[in-house]
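What follows is a single structure, written as structure tokens, with notes after it.
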Amino acid sequence: MVHDIIVSVLLIGGALMSLAAGIGLARFPDLLSRMHAATKPQVLGLLLFLLALAVENGSWILVPVLVLCWVFQLLTSPVSAHMVGRAGYRTRHLRRDMLTLDELDDVVARAAAGDPAGPERTGGPRQEGGGPA
């Protein structure tokens, strides 16, 4: 009885997280907000589903596969969100009026002007070993 309640709560929680991600994708106004909505609750929702699977199975045999599935999700979701955000920023598919602080504006302007001196070059010449002199 308690076992079924735990599994039900985990499944409902995972479904609500997935629903929140879907609603965020449909309702948020710009690319960066949608990207956030697609990655954050989706990873937690998957964790809740995988926990429900582990509890329902009741065996330790499936746990390494479930952990591996969640680790791959944790590794790929932020990278894909970063690439989508980067592509959206470069193609100007974002609403600048919604940005509080645009940290990339100077970097992109310098790159577009062909200035080779980026922010990492402002402190002087780089050392050969990459560490402090």
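Each chain in the structure tokens gets a letter, A, B, ..., in the order shown, and its residues are numbered from 1; ligands are numbered from 1 in order too.
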I'd like the neighbourhood of Ala21 in chain A as a short mmCIF file (atom, residue, chain, number, x, y, z; two decimals) with C-alpha atoms, in the first residue's frame, where a residue qualifies if any of its atoms comes within 10 Å (using only C-alpha atoms), though same-chain residues fewer than 3 positions away should be ignored.
```cif
data_model
loop_
_atom_site.label_atom_id
_atom_site.label_comp_id
_atom_site.auth_asym_id
_atom_site.auth_seq_id
_atom_site.Cartn_x
_atom_site.Cartn_y
_atom_site.Cartn_z
CA ALA A 15 4.02 14.30 -14.90
CA LEU A 16 3.49 17.75 -13.35
CA MET A 17 7.10 18.71 -14.10
CA SER A 18 6.71 17.58 -17.70
CA GLY A 24 6.33 26.97 -20.44
CA LEU A 25 7.23 26.15 -24.03
CA ALA A 26 3.81 27.24 -25.20
CA ARG A 27 3.34 30.32 -23.01
CA ARG A 34 11.35 28.84 -23.48
CA MET A 35 14.80 27.28 -23.38
CA HIS A 36 14.80 27.57 -19.59
CA ALA A 37 11.31 26.05 -19.39
CA ALA A 38 12.31 23.15 -21.59
CA THR A 39 15.38 22.12 -19.59
CA LYS A 40 14.85 22.75 -15.88
CA PRO A 41 11.56 21.00 -15.07
CA GLN A 42 12.13 18.33 -17.69
CA VAL A 43 15.28 17.05 -15.96
CA GLY A 45 10.50 15.28 -14.11
#
```
Can you tell me which residues surround range 92-95 of chain A at a distance of at most 8 Å, considering only C-alpha atoms, apart from same-chain residues fewer than 2 positions away, and format the answer as an MDAnalysis selection string?
chainID A and resid 30:32 88:90 97:99
Would you tabulate, counting only C-alpha atoms, all residues of range 55-112 of chain A that have an atom at most 12 Å from an atom of range 5-12 of chain A, showing the closest pair of atoms and their distance in Å to one decimal, sorted by chain then ascending number, as JSON lines?
```
{"residue": "A:Val55", "atom": "CA", "partner": "A:Val7", "partner_atom": "CA", "distance": 6.6}
{"residue": "A:Glu56", "atom": "CA", "partner": "A:Val7", "partner_atom": "CA", "distance": 6.5}
{"residue": "A:Asn57", "atom": "CA", "partner": "A:Val7", "partner_atom": "CA", "distance": 10.2}
{"residue": "A:Gly58", "atom": "CA", "partner": "A:Val7", "partner_atom": "CA", "distance": 11.0}
```
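The gap separating CA of Leu101 in chain A from CA of Phe28 in chain A is 19.0 Å, in Å to one decimal.
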